[in-house]
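Enquirer: The following file, protein21.cif, comprises mmCIF, C-alpha atoms:
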data_my_file
loop_
_atom_site.label_atom_id
_atom_site.label_comp_id
_atom_site.auth_asym_id
_atom_site.auth_seq_id
_atom_site.Cartn_x
_atom_site.Cartn_y
_atom_site.Cartn_z
CA MET F 23 85.48 129.84 103.93
CA SER F 24 88.20 128.29 106.07
CA GLU F 25 91.05 130.26 107.56
CA PRO F 26 94.41 130.12 105.81
CA ARG F 27 96.87 127.82 107.56
CA LEU F 28 100.62 127.65 107.39
CA VAL F 29 102.26 124.37 106.38
CA GLU F 30 105.96 123.74 106.53
CA VAL F 31 107.63 122.49 103.35
CA ARG F 32 111.41 122.97 103.75
CA GLN F 33 112.35 121.61 100.37
CA ASN F 34 115.11 122.44 97.98
CA ILE F 35 113.44 123.86 94.88
CA LEU F 36 115.75 121.88 92.65
CA LYS F 37 115.00 118.68 94.53
CA HIS F 38 113.75 116.95 91.40
CA ASN F 39 116.95 117.77 89.49
CA ASP F 40 119.10 116.76 92.46
CA VAL F 41 117.34 113.41 92.74
CA LEU F 42 117.88 112.72 89.03
CA ALA F 43 121.50 113.87 89.26
CA ARG F 44 122.15 111.50 92.14
CA ARG F 45 120.64 108.67 90.15
CA LEU F 46 122.84 109.57 87.16
CA ARG F 47 125.93 109.74 89.36
CA ARG F 48 125.19 106.25 90.65
CA THR F 49 124.65 104.94 87.10
CA PHE F 50 127.94 106.51 85.94
CA ARG F 51 129.84 105.04 88.86
CA ARG F 52 128.48 101.55 88.29
CA ALA F 53 129.31 101.73 84.60
CA GLY F 54 132.80 103.01 85.41
CA VAL F 55 132.48 106.07 83.20
CA PHE F 56 134.16 109.33 84.26
CA VAL F 57 131.95 112.32 83.50
CA VAL F 58 133.27 115.83 82.91
CA SER F 59 130.99 118.80 82.28
CA LEU F 60 132.17 122.00 80.62
CA VAL F 61 130.72 125.44 81.30
CA SER F 62 131.73 128.85 79.97
CA SER F 63 130.37 131.95 78.30
CA PRO F 64 129.55 131.66 74.57
CA GLY F 65 132.64 131.80 72.38
CA SER F 66 135.26 130.97 74.96
CA GLY F 67 136.42 127.91 73.05
CA LYS F 68 134.60 125.01 74.70
CA THR F 69 134.02 123.13 71.48
CA GLU F 70 137.57 123.59 70.16
CA PHE F 71 138.93 122.49 73.52
CA LEU F 72 136.61 119.50 73.63
CA GLU F 73 137.41 118.43 70.07
CA THR F 74 141.15 118.42 70.83
CA THR F 75 140.62 116.65 74.15
CA LEU F 76 138.48 113.96 72.50
CA THR F 77 141.00 113.48 69.70
CA ILE F 78 143.89 112.97 72.14
CA LEU F 79 141.97 110.75 74.55
CA LYS F 80 140.61 108.62 71.75
CA GLU F 81 144.05 107.09 71.21
CA LYS F 82 143.82 105.21 74.49
CA TYR F 83 140.29 105.57 75.85
CA ARG F 84 136.68 105.10 74.84
CA VAL F 85 135.19 108.57 74.77
CA ALA F 86 131.84 110.22 74.08
CA ALA F 87 130.28 113.67 74.32
CA LEU F 88 126.90 115.29 74.76
CA VAL F 89 126.72 118.86 73.61
CA GLY F 90 124.04 121.37 74.56
CA ASP F 91 122.95 124.37 72.51
CA LEU F 92 119.73 126.28 72.08
CA ALA F 93 119.70 125.45 68.36
CA THR F 94 121.70 123.83 65.52
CA GLY F 95 123.69 120.63 65.46
CA ASN F 96 126.86 122.46 64.43
CA ASP F 97 128.84 121.60 67.52
CA ALA F 98 128.01 117.91 67.30
CA ASP F 99 129.12 117.95 63.65
CA ARG F 100 132.39 119.58 64.64
CA LEU F 101 133.00 117.17 67.48
CA ALA F 102 132.18 114.18 65.29
CA ARG F 103 135.44 114.92 63.44
CA SER F 104 137.23 113.51 66.48
CA GLU F 105 135.45 110.21 65.65
CA ALA F 106 134.12 110.03 69.19
CA LEU F 107 130.50 109.13 69.89
CA VAL F 108 128.69 112.50 69.94
CA ARG F 109 125.10 113.57 70.47
CA GLN F 110 123.63 117.07 70.31
CA ILE F 111 121.04 118.19 72.86
CA THR F 112 119.06 121.16 71.59
CA THR F 113 117.38 122.92 74.46
CA GLY F 114 115.10 125.25 72.47
CA THR F 115 114.91 128.29 74.70
CA VAL F 116 116.33 126.77 77.85
CA CYS F 117 119.62 128.39 78.86
CA HIS F 118 121.18 125.42 80.64
CA LEU F 119 121.23 121.62 80.73
CA GLU F 120 119.30 119.74 83.40
CA ALA F 121 119.81 116.22 84.71
CA ALA F 122 116.62 115.04 82.97
CA MET F 123 118.00 116.10 79.58
CA ILE F 124 121.18 114.12 80.20
CA GLU F 125 119.26 111.04 81.26
CA ASN F 126 117.10 111.32 78.18
CA ALA F 127 120.01 111.76 75.80
CA LEU F 128 121.82 108.72 77.21
CA GLN F 129 118.92 106.31 76.99
CA ASP F 130 120.26 104.10 74.21
CA TRP F 131 123.96 104.43 74.97
CA ASP F 132 125.82 101.60 76.63
CA LEU F 133 127.77 103.44 79.32
CA GLU F 134 129.79 100.35 80.20
CA LYS F 135 131.52 100.76 76.87
CA LEU F 136 132.80 104.22 77.81
CA ASP F 137 135.70 105.52 79.86
CA PHE F 138 135.00 109.25 79.52
CA LEU F 139 131.79 111.13 78.89
CA PHE F 140 131.99 114.88 78.32
CA VAL F 141 128.98 117.13 78.65
CA GLU F 142 129.30 120.54 77.03
CA ASN F 143 126.75 122.86 78.61
CA VAL F 144 125.00 125.75 76.87
CA GLY F 145 127.28 128.81 76.73
CA ASN F 146 126.21 130.64 79.88
CA LEU F 147 128.00 131.48 83.12
CA VAL F 148 124.91 131.97 85.25
CA CYS F 149 122.20 129.34 85.02
CA PRO F 150 124.22 126.10 84.66
CA ALA F 151 125.65 126.76 88.14
CA SER F 152 122.37 125.68 89.77
CA TYR F 153 121.99 122.32 88.03
CA ASP F 154 123.86 119.22 89.13
CA LEU F 155 124.25 116.87 86.15
CA GLY F 156 125.74 113.95 88.07
CA GLU F 157 129.23 114.69 86.74
CA ASN F 158 132.52 113.80 88.45
CA LEU F 159 134.10 117.12 87.52
CA ARG F 160 132.71 120.48 86.50
CA VAL F 161 135.22 122.42 84.43
CA VAL F 162 134.80 126.16 83.86
CA LEU F 163 136.55 127.77 80.90
CA MET F 164 137.46 131.39 80.28
CA SER F 165 139.45 132.70 77.34
CA THR F 166 142.28 135.22 77.25
CA THR F 167 140.08 137.57 75.21
CA GLU F 168 137.39 137.86 77.87
CA GLY F 169 139.01 139.91 80.61
CA GLU F 170 140.82 138.80 83.74
CA ASP F 171 137.98 139.72 86.11
CA LYS F 172 135.45 137.23 84.70
CA PRO F 173 135.63 135.04 87.85
CA LEU F 174 134.84 138.06 90.05
CA LYS F 175 131.81 138.89 87.91
CA TYR F 176 130.50 135.31 87.96
CA PRO F 177 131.61 134.03 91.37
CA THR F 178 129.01 131.27 91.69
CA ILE F 179 130.03 129.28 88.61
CA PHE F 180 133.73 129.56 89.44
CA ASN F 181 133.06 128.65 93.03
CA THR F 182 131.00 125.58 92.18
CA SER F 183 133.36 124.28 89.48
CA ASP F 184 136.24 121.95 90.27
CA VAL F 185 138.78 123.10 87.69
CA ALA F 186 139.35 126.29 85.69
CA ILE F 187 140.83 126.34 82.21
CA ILE F 188 142.13 129.47 80.56
CA THR F 189 141.80 128.95 76.80
CA LYS F 190 143.26 130.73 73.75
CA MET F 191 146.64 131.23 75.40
CA ASP F 192 148.06 131.66 71.88
CA LEU F 193 146.19 135.01 71.81
CA ALA F 194 147.34 136.10 75.26
CA GLU F 195 149.88 138.57 73.97
CA VAL F 196 147.67 140.34 71.43
CA ALA F 197 144.80 140.45 73.89
CA GLU F 198 147.22 141.86 76.51
CA PHE F 199 146.03 139.17 78.86
CA ASP F 200 147.46 139.38 82.36
CA ALA F 201 147.73 135.79 83.61
CA ALA F 202 148.68 136.81 87.16
CA THR F 203 145.57 139.00 87.57
CA ALA F 204 143.37 136.26 86.15
CA GLY F 205 144.96 133.76 88.53
CA SER F 206 144.28 135.93 91.56
CA SER F 207 140.68 136.57 90.41
CA ILE F 208 140.13 132.83 90.32
CA ALA F 209 141.78 132.35 93.73
CA GLU F 210 139.55 135.04 95.20
CA VAL F 211 136.34 133.27 94.34
CA HIS F 212 137.66 129.72 94.69
CA PRO F 213 140.76 129.48 96.87
CA GLY F 214 143.07 126.65 95.81
CA MET F 215 141.26 125.99 92.53
CA LYS F 216 143.25 123.97 90.00
CA VAL F 217 143.95 126.07 86.89
CA PHE F 218 145.25 125.06 83.43
CA LYS F 219 146.40 127.51 80.79
CA LEU F 220 146.33 126.21 77.26
CA SER F 221 145.58 126.66 73.59
CA ALA F 222 143.64 123.82 72.04
CA LYS F 223 144.12 125.21 68.54
CA LYS F 224 147.91 125.39 68.84
CA ASN F 225 148.11 122.33 71.09
CA LEU F 226 149.85 124.26 73.87
CA GLY F 227 149.50 123.02 77.43
CA MET F 228 147.16 120.18 76.42
CA ASP F 229 149.54 117.49 77.73
CA GLU F 230 149.42 118.79 81.26
CA TRP F 231 145.60 118.83 81.21
CA ILE F 232 145.32 115.35 79.70
CA ASP F 233 147.86 113.90 82.16
CA TRP F 234 145.98 115.37 85.08
CA LEU F 235 142.57 114.25 83.77
CA THR F 236 143.67 110.69 83.07
CA GLY F 237 145.23 110.63 86.56
CA GLU F 238 141.87 111.63 88.07
CA PHE F 239 140.18 108.94 86.00
CA ALA F 240 142.65 106.29 87.22
CA ASP F 241 142.15 107.41 90.83
CA SER F 242 138.37 107.16 90.54
CA ARG F 243 138.61 103.66 89.03
CA GLU F 244 140.98 102.60 91.78
CA SER F 245 138.79 103.87 94.61
CA GLU F 246 135.76 102.26 92.96
CA SER F 247 137.42 98.86 92.65
CA ALA F 248 138.72 99.15 96.23
CA LYS F 249 135.15 99.84 97.34
CA SER F 250 133.68 96.92 95.43
CA ALA F 251 136.44 94.58 96.72
CA PHE F 252 135.55 95.70 100.21
CA SER F 253 131.83 95.22 99.75
CA SER F 254 132.27 91.77 98.18
CA ARG F 255 134.26 90.70 101.25
CA SER F 256 131.67 91.89 103.69
CA MET L 18 117.51 133.76 82.98
CA HIS L 19 116.41 130.34 84.21
CA GLU L 20 113.91 131.73 86.72
CA LEU L 21 110.96 130.40 84.73
CA SER L 22 112.27 126.83 85.11
CA ILE L 23 112.80 127.55 88.81
CA ALA L 24 109.25 128.95 89.08
CA LEU L 25 107.86 125.80 87.45
CA SER L 26 109.78 123.63 89.93
CA ILE L 27 108.28 125.67 92.78
CA VAL L 28 104.79 125.06 91.34
CA ASP L 29 105.44 121.29 91.31
CA ILE L 30 106.66 121.16 94.89
CA ALA L 31 103.89 123.44 96.17
CA LEU L 32 101.18 121.39 94.44
CA GLU L 33 102.58 118.21 95.95
CA SER L 34 102.49 119.76 99.41
CA LEU L 35 99.01 121.20 98.85
CA ASN L 36 97.70 117.73 98.01
CA GLU L 37 99.44 116.13 100.98
CA ASN L 38 97.90 118.70 103.30
CA GLY L 39 94.45 118.52 101.79
CA GLY L 40 94.22 122.18 100.83
CA GLU L 41 92.45 123.79 97.91
CA LYS L 42 94.46 126.87 97.16
CA VAL L 43 97.82 128.38 97.98
CA GLU L 44 97.78 132.00 99.09
CA THR L 45 101.39 132.66 100.03
CA LEU L 46 104.69 130.91 99.42
CA TYR L 47 107.70 131.52 101.64
CA LEU L 48 111.06 131.12 99.95
CA LYS L 49 114.70 131.39 100.90
CA LEU L 50 116.96 132.66 98.16
CA GLY L 51 120.72 132.74 98.71
CA LYS L 52 122.82 135.44 97.10
CA LEU L 53 124.86 132.67 95.49
CA SER L 54 121.89 130.64 94.30
CA GLY L 55 122.14 132.14 90.84
CA VAL L 56 118.48 133.12 90.95
CA ILE L 57 117.41 136.76 90.75
CA LYS L 58 114.48 137.71 92.95
CA GLU L 59 112.94 140.18 90.50
CA SER L 60 113.05 137.71 87.59
CA LEU L 61 111.50 135.01 89.74
CA VAL L 62 108.63 137.29 90.77
CA PHE L 63 108.21 138.26 87.12
CA SER L 64 107.99 134.60 86.05
CA TRP L 65 105.65 133.64 88.85
CA GLU L 66 102.40 134.84 87.32
CA MET L 67 103.05 132.85 84.17
CA ALA L 68 104.21 129.72 85.96
CA SER L 69 101.30 129.63 88.41
CA ALA L 70 98.53 130.46 85.92
CA ASP L 71 95.68 127.93 85.74
CA THR L 72 96.82 126.11 88.88
CA PRO L 73 95.63 126.32 92.51
CA LEU L 74 98.57 128.68 92.94
CA GLU L 75 97.22 131.32 90.60
CA GLY L 76 97.18 134.74 92.25
CA SER L 77 99.42 133.63 95.10
CA ARG L 78 102.11 135.82 96.62
CA LEU L 79 105.82 135.07 96.94
CA VAL L 80 107.50 136.14 100.16
CA ILE L 81 111.21 135.91 99.51
CA GLU L 82 113.86 136.01 102.19
CA GLU L 83 117.21 136.82 100.61
CA VAL L 84 120.02 135.02 102.39
CA PRO L 85 123.39 136.78 102.46
CA VAL L 86 126.64 134.94 101.85
CA VAL L 87 128.18 133.86 105.13
CA VAL L 88 131.60 132.26 105.29
CA ASN L 89 133.43 130.55 108.09
CA CYS L 90 136.90 132.05 108.16
CA THR L 91 139.43 129.37 109.04
CA ILE L 92 141.82 131.90 110.54
CA CYS L 93 139.43 134.12 112.54
CA LYS L 94 137.32 131.04 113.45
CA VAL L 95 134.24 133.22 113.10
CA GLU L 96 131.33 133.27 110.66
CA ARG L 97 131.28 136.46 108.63
CA GLU L 98 128.90 137.99 106.12
CA LEU L 99 130.35 138.95 102.71
CA ASN L 100 129.25 141.71 100.39
CA LEU L 101 130.79 139.86 97.41
CA LEU L 102 132.36 143.01 96.05
CA ASN L 103 135.73 141.64 97.11
CA GLY L 104 135.36 138.02 96.18
CA PHE L 105 135.43 135.45 98.92
CA ASN L 106 138.10 137.03 101.08
CA CYS L 107 137.39 137.23 104.78
CA PRO L 108 136.53 140.92 105.23
CA VAL L 109 138.66 141.11 108.36
CA CYS L 110 141.83 139.05 107.90
CA GLN L 111 141.64 138.83 104.06
CA ASN L 112 142.25 135.07 104.25
CA LEU L 113 141.44 133.39 100.93
CA ALA L 114 140.17 130.07 102.21
CA PRO L 115 136.81 130.55 103.85
CA THR L 116 134.13 127.86 103.70
CA ILE L 117 130.70 128.99 102.57
CA VAL L 118 128.11 128.50 105.30
CA ASN L 119 125.10 130.29 103.78
CA GLY L 120 124.19 131.86 100.48
CA ARG L 121 123.40 128.89 98.23
CA GLU L 122 119.83 128.43 99.53
CA LEU L 123 117.07 127.84 97.04
CA GLU L 124 114.32 126.58 99.26
CA LEU L 125 110.56 126.56 99.61
CA THR L 126 110.16 126.83 103.36
CA ALA L 127 106.41 127.09 103.91
CA LEU L 128 103.01 127.63 102.33
CA GLU L 129 99.90 129.40 103.45
CA ILE L 130 96.99 127.33 102.19
CA ILE L 131 93.23 127.30 102.45
#
How does this structure look as structure tokens?

Expert:
Amino acid sequence: MSEPRLVEVRQNILKHNDVLARRLRRTFRRAGVFVVSLVSSPGSGKTEFLETTLTILKEKYRVAALVGDLATGNDADRLARSEALVRQITTGTVCHLEAAMIENALQDWDLEKLDFLFVENVGNLVCPASYDLGENLRVVLMSTTEGEDKPLKYPTIFNTSDVAIITKMDLAEVAEFDAATAGSSIAEVHPGMKVFKLSAKKNLGMDEWIDWLTGEFADSRESESAKSAFSSRS
Amino acid sequence: MHELSIALSIVDIALESLNENGGEKVETLYLKLGKLSGVIKESLVFSWEMASADTPLEGSRLVIEEVPVVVNCTICKVERELNLLNGFNCPVCQNLAPTIVNGRELELTALEII
């Protein structure tokens, strides 16, 4: 029997996901669709927040959503009330969405006909952190009923997300939520992170979020058209 | 608990490398696991037996190097290791804007094959 030998590999274990995510990102950019993923623990109000966001955006933009859960199509049914294009991804026992699931779910959608695509991840603050989905923005949500130290307990997801949203602000008083402590917890794990405080149910603070988001969308379109103008010249 | 998916990805990459190197069986896998990778060493080891069953990796051993979180403090201009009990503050100057240098690793570095 031959001697064991050592071979170097040096590969990221999630290489396959990263390759797919890069491909998705390129597809999204070409189609001009702005992709926002949402992560949070179960019950923090992702679906309520997304339904309100879709309803407001739908006035001026073409919007769609993919929503991940282990089981049931309940969230897709709820989101369909916004009259946006919605598709449920049921993951079975998988605790997170992966790039391959997104690619699969989008197969027969014409992305050119969309301005915004939202991807609601499975409720989980651990596993989704490792999987790039090709999104432009990863948004992490925490609610006023969860405790101000959530970011300190789950530093990776807060650190890898671009924006934090504190939901259920209408319950802040009863839950004795301390916004300043929550703010400093977020800053500790992600210095300078953009934070919105809102209540989707009571439509509080939604305007600020929507204005910011549509601004980001406009910026991305602008830089994309500047790039294509440049490349067509050269 | 997504360590089983991670274990299955490791199997794929290791098999690819085994084929490229013309080996028959993998005995040991060397991994780097950052403290911020979101993957728990114990769960990964637990999932390994299941993920590697009925493949040339069955019975192989995982040697896992855990990589601590290291930040580059913009004020001290020095790389420092964090214990993560105090968030991402620089442990010396308490500055809140360090860049993460290490700690996100999730890498298969080498294989011992026969």

Enquirer: Between CA of Gly55 in chain L and CA of Cys149 in chain F, what is the spacing in Å?

Expert: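 According to the coordinates, CA of Cys149 in chain F and CA of Gly55 in chain L are separated by 6.5 Å.
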
Enquirer: Pick from F:His118, F:Arg52, F:Arg32, F:Lys37: nearest to Ser250 in chain F, with all atoms listed in the file counted?

Expert: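 The shortest atom-to-atom distance to Ser250 in chain F comes from F:Arg52.
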
Enquirer: What does the structure give for the distance between CA of Ala248 in chain F and CA of Val141 in chain F, in Å to one decimal?

Expert: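 Separation of CA of Ala248 in chain F and CA of Val141 in chain F: 27.0 Å.
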
Enquirer: For a quick check of understanding, using all atoms listed in the file, which of F:Val196, F:Val85, F:Val161, F:Ala209 has the smallest distance to chain L?

Expert: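 Selected residue with least distance to chain L: F:Ala209.
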
Enquirer: What would the selection look like, as an mmCIF file with C-alpha atoms, in the frame of the given file, if the PyMOL selection byres ((chain F) within 6 of (chain L)) were run on the coordinates I just shared?

Expert:
data_model
loop_
_atom_site.group_PDB
_atom_site.id
_atom_site.type_symbol
_atom_site.label_atom_id
_atom_site.label_comp_id
_atom_site.auth_asym_id
_atom_site.auth_seq_id
_atom_site.Cartn_x
_atom_site.Cartn_y
_atom_site.Cartn_z
ATOM 1 C CA PRO F 26 94.410 130.120 105.810
ATOM 2 C CA ARG F 27 96.870 127.820 107.560
ATOM 3 C CA LEU F 28 100.620 127.650 107.390
ATOM 4 C CA VAL F 29 102.260 124.370 106.380
ATOM 5 C CA GLU F 30 105.960 123.740 106.530
ATOM 6 C CA VAL F 31 107.630 122.490 103.350
ATOM 7 C CA ARG F 32 111.410 122.970 103.750
ATOM 8 C CA GLN F 33 112.350 121.610 100.370
ATOM 9 C CA ASN F 34 115.110 122.440 97.980
ATOM 10 C CA ILE F 35 113.440 123.860 94.880
ATOM 11 C CA CYS F 149 122.200 129.340 85.020
ATOM 12 C CA THR F 178 129.010 131.270 91.690
ATOM 13 C CA GLU F 210 139.550 135.040 95.200
ATOM 14 C CA VAL F 211 136.340 133.270 94.340
ATOM 15 C CA PRO F 213 140.760 129.480 96.870
#

Enquirer: So how far away is CA of Thr75 in chain F from CA of Trp231 in chain F, in Å?

Expert: 8.9 Å

Enquirer: Using all atoms listed in the file, which residues sit within 10 Å of Leu42 in chain F once same-chain residues fewer than 3 positions away are excluded, as an MDAnalysis selection string?

Expert: chainID F and resid 37:39 45:48 120:122 124:125 154:156

Enquirer: Could you tell me which residues the PyMOL selection byres ((chain L and resi 89) around 8) grabs in this file, written as a VMD selection string?

Expert: chain L and resid 87 to 88 90 to 91 94 to 97 115 to 118

Enquirer: Can you write range 88-119 of chain L from the block above with N, CA and C atoms, as a PDB file, in the first residue's frame?

Expert:
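Output file out-v2.pdb is given in full below:
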ATOM      1  N   VAL L  88      -8.483  42.000  14.235  1.00  0.00           N
ATOM      2  CA  VAL L  88      -8.886  43.249  13.594  1.00  0.00           C
ATOM      3  C   VAL L  88      -7.677  44.157  13.442  1.00  0.00           C
ATOM      4  N   ASN L  89      -7.780  45.054  12.478  1.00  0.00           N
ATOM      5  CA  ASN L  89      -6.741  46.045  12.299  1.00  0.00           C
ATOM      6  C   ASN L  89      -7.288  47.347  12.851  1.00  0.00           C
ATOM      7  N   CYS L  90      -6.789  47.776  13.986  1.00  0.00           N
ATOM      8  CA  CYS L  90      -7.311  48.989  14.594  1.00  0.00           C
ATOM      9  C   CYS L  90      -6.771  50.203  13.850  1.00  0.00           C
ATOM     10  N   THR L  91      -7.689  51.055  13.412  1.00  0.00           N
ATOM     11  CA  THR L  91      -7.276  52.199  12.590  1.00  0.00           C
ATOM     12  C   THR L  91      -6.583  53.277  13.421  1.00  0.00           C
ATOM     13  N   ILE L  92      -6.785  53.231  14.731  1.00  0.00           N
ATOM     14  CA  ILE L  92      -6.130  54.235  15.579  1.00  0.00           C
ATOM     15  C   ILE L  92      -4.755  53.738  16.053  1.00  0.00           C
ATOM     16  N   CYS L  93      -4.732  52.513  16.590  1.00  0.00           N
ATOM     17  CA  CYS L  93      -3.446  51.958  17.068  1.00  0.00           C
ATOM     18  C   CYS L  93      -2.527  51.572  15.903  1.00  0.00           C
ATOM     19  N   LYS L  94      -3.121  51.364  14.718  1.00  0.00           N
ATOM     20  CA  LYS L  94      -2.368  50.896  13.539  1.00  0.00           C
ATOM     21  C   LYS L  94      -1.706  49.538  13.798  1.00  0.00           C
ATOM     22  N   VAL L  95      -2.366  48.706  14.559  1.00  0.00           N
ATOM     23  CA  VAL L  95      -1.813  47.403  14.907  1.00  0.00           C
ATOM     24  C   VAL L  95      -2.926  46.366  14.749  1.00  0.00           C
ATOM     25  N   GLU L  96      -2.537  45.139  14.390  1.00  0.00           N
ATOM     26  CA  GLU L  96      -3.522  44.063  14.332  1.00  0.00           C
ATOM     27  C   GLU L  96      -3.693  43.466  15.720  1.00  0.00           C
ATOM     28  N   ARG L  97      -4.944  43.309  16.139  1.00  0.00           N
ATOM     29  CA  ARG L  97      -5.183  42.785  17.477  1.00  0.00           C
ATOM     30  C   ARG L  97      -6.223  41.669  17.452  1.00  0.00           C
ATOM     31  N   GLU L  98      -6.020  40.714  18.358  1.00  0.00           N
ATOM     32  CA  GLU L  98      -6.946  39.592  18.458  1.00  0.00           C
ATOM     33  C   GLU L  98      -8.098  39.968  19.402  1.00  0.00           C
ATOM     34  N   LEU L  99      -9.327  39.592  19.032  1.00  0.00           N
ATOM     35  CA  LEU L  99     -10.490  39.914  19.864  1.00  0.00           C
ATOM     36  C   LEU L  99     -11.020  38.665  20.547  1.00  0.00           C
ATOM     37  N   ASN L 100     -11.612  38.840  21.713  1.00  0.00           N
ATOM     38  CA  ASN L 100     -12.244  37.682  22.346  1.00  0.00           C
ATOM     39  C   ASN L 100     -13.748  37.672  22.075  1.00  0.00           C
ATOM     40  N   LEU L 101     -14.251  38.724  21.435  1.00  0.00           N
ATOM     41  CA  LEU L 101     -15.652  38.838  21.031  1.00  0.00           C
ATOM     42  C   LEU L 101     -16.629  38.962  22.194  1.00  0.00           C
ATOM     43  N   LEU L 102     -16.112  39.061  23.405  1.00  0.00           N
ATOM     44  CA  LEU L 102     -17.038  39.269  24.513  1.00  0.00           C
ATOM     45  C   LEU L 102     -17.418  40.738  24.596  1.00  0.00           C
ATOM     46  N   ASN L 103     -16.616  41.574  23.948  1.00  0.00           N
ATOM     47  CA  ASN L 103     -16.895  43.007  23.981  1.00  0.00           C
ATOM     48  C   ASN L 103     -17.148  43.565  22.591  1.00  0.00           C
ATOM     49  N   GLY L 104     -17.785  42.772  21.750  1.00  0.00           N
ATOM     50  CA  GLY L 104     -18.045  43.268  20.411  1.00  0.00           C
ATOM     51  C   GLY L 104     -16.756  43.456  19.637  1.00  0.00           C
ATOM     52  N   PHE L 105     -16.782  44.412  18.723  1.00  0.00           N
ATOM     53  CA  PHE L 105     -15.634  44.593  17.845  1.00  0.00           C
ATOM     54  C   PHE L 105     -14.753  45.770  18.254  1.00  0.00           C
ATOM     55  N   ASN L 106     -14.861  46.175  19.499  1.00  0.00           N
ATOM     56  CA  ASN L 106     -14.000  47.264  19.958  1.00  0.00           C
ATOM     57  C   ASN L 106     -12.552  46.813  19.986  1.00  0.00           C
ATOM     58  N   CYS L 107     -11.655  47.728  19.666  1.00  0.00           N
ATOM     59  CA  CYS L 107     -10.234  47.446  19.850  1.00  0.00           C
ATOM     60  C   CYS L 107     -10.015  47.256  21.351  1.00  0.00           C
ATOM     61  N   PRO L 108      -9.403  46.150  21.767  1.00  0.00           N
ATOM     62  CA  PRO L 108      -9.265  45.889  23.200  1.00  0.00           C
ATOM     63  C   PRO L 108      -8.366  46.900  23.913  1.00  0.00           C
ATOM     64  N   VAL L 109      -7.595  47.663  23.147  1.00  0.00           N
ATOM     65  CA  VAL L 109      -6.689  48.613  23.794  1.00  0.00           C
ATOM     66  C   VAL L 109      -7.268  50.037  23.799  1.00  0.00           C
ATOM     67  N   CYS L 110      -7.592  50.564  22.617  1.00  0.00           N
ATOM     68  CA  CYS L 110      -8.046  51.965  22.593  1.00  0.00           C
ATOM     69  C   CYS L 110      -9.575  52.072  22.570  1.00  0.00           C
ATOM     70  N   GLN L 111     -10.273  50.949  22.479  1.00  0.00           N
ATOM     71  CA  GLN L 111     -11.744  50.913  22.464  1.00  0.00           C
ATOM     72  C   GLN L 111     -12.354  51.519  21.202  1.00  0.00           C
ATOM     73  N   ASN L 112     -11.537  51.841  20.224  1.00  0.00           N
ATOM     74  CA  ASN L 112     -12.044  52.394  18.970  1.00  0.00           C
ATOM     75  C   ASN L 112     -13.075  51.442  18.346  1.00  0.00           C
ATOM     76  N   LEU L 113     -14.148  52.038  17.788  1.00  0.00           N
ATOM     77  CA  LEU L 113     -15.233  51.216  17.251  1.00  0.00           C
ATOM     78  C   LEU L 113     -15.143  50.973  15.746  1.00  0.00           C
ATOM     79  N   ALA L 114     -14.038  51.283  15.141  1.00  0.00           N
ATOM     80  CA  ALA L 114     -14.010  51.090  13.685  1.00  0.00           C
ATOM     81  C   ALA L 114     -12.855  50.230  13.203  1.00  0.00           C
ATOM     82  N   PRO L 115     -12.708  49.046  13.760  1.00  0.00           N
ATOM     83  CA  PRO L 115     -11.616  48.213  13.267  1.00  0.00           C
ATOM     84  C   PRO L 115     -12.035  47.422  12.025  1.00  0.00           C
ATOM     85  N   THR L 116     -11.089  47.134  11.151  1.00  0.00           N
ATOM     86  CA  THR L 116     -11.395  46.260  10.011  1.00  0.00           C
ATOM     87  C   THR L 116     -11.018  44.831  10.387  1.00  0.00           C
ATOM     88  N   ILE L 117     -11.860  43.898   9.965  1.00  0.00           N
ATOM     89  CA  ILE L 117     -11.614  42.502  10.298  1.00  0.00           C
ATOM     90  C   ILE L 117     -10.577  41.915   9.347  1.00  0.00           C
ATOM     91  N   VAL L 118      -9.501  41.396   9.904  1.00  0.00           N
ATOM     92  CA  VAL L 118      -8.429  40.826   9.095  1.00  0.00           C
ATOM     93  C   VAL L 118      -8.600  39.309   8.991  1.00  0.00           C
ATOM     94  N   ASN L 119      -8.852  38.670  10.124  1.00  0.00           N
ATOM     95  CA  ASN L 119      -9.053  37.213  10.150  1.00  0.00           C
ATOM     96  C   ASN L 119     -10.279  36.881  10.975  1.00  0.00           C
TER      97      ASN L 119
END
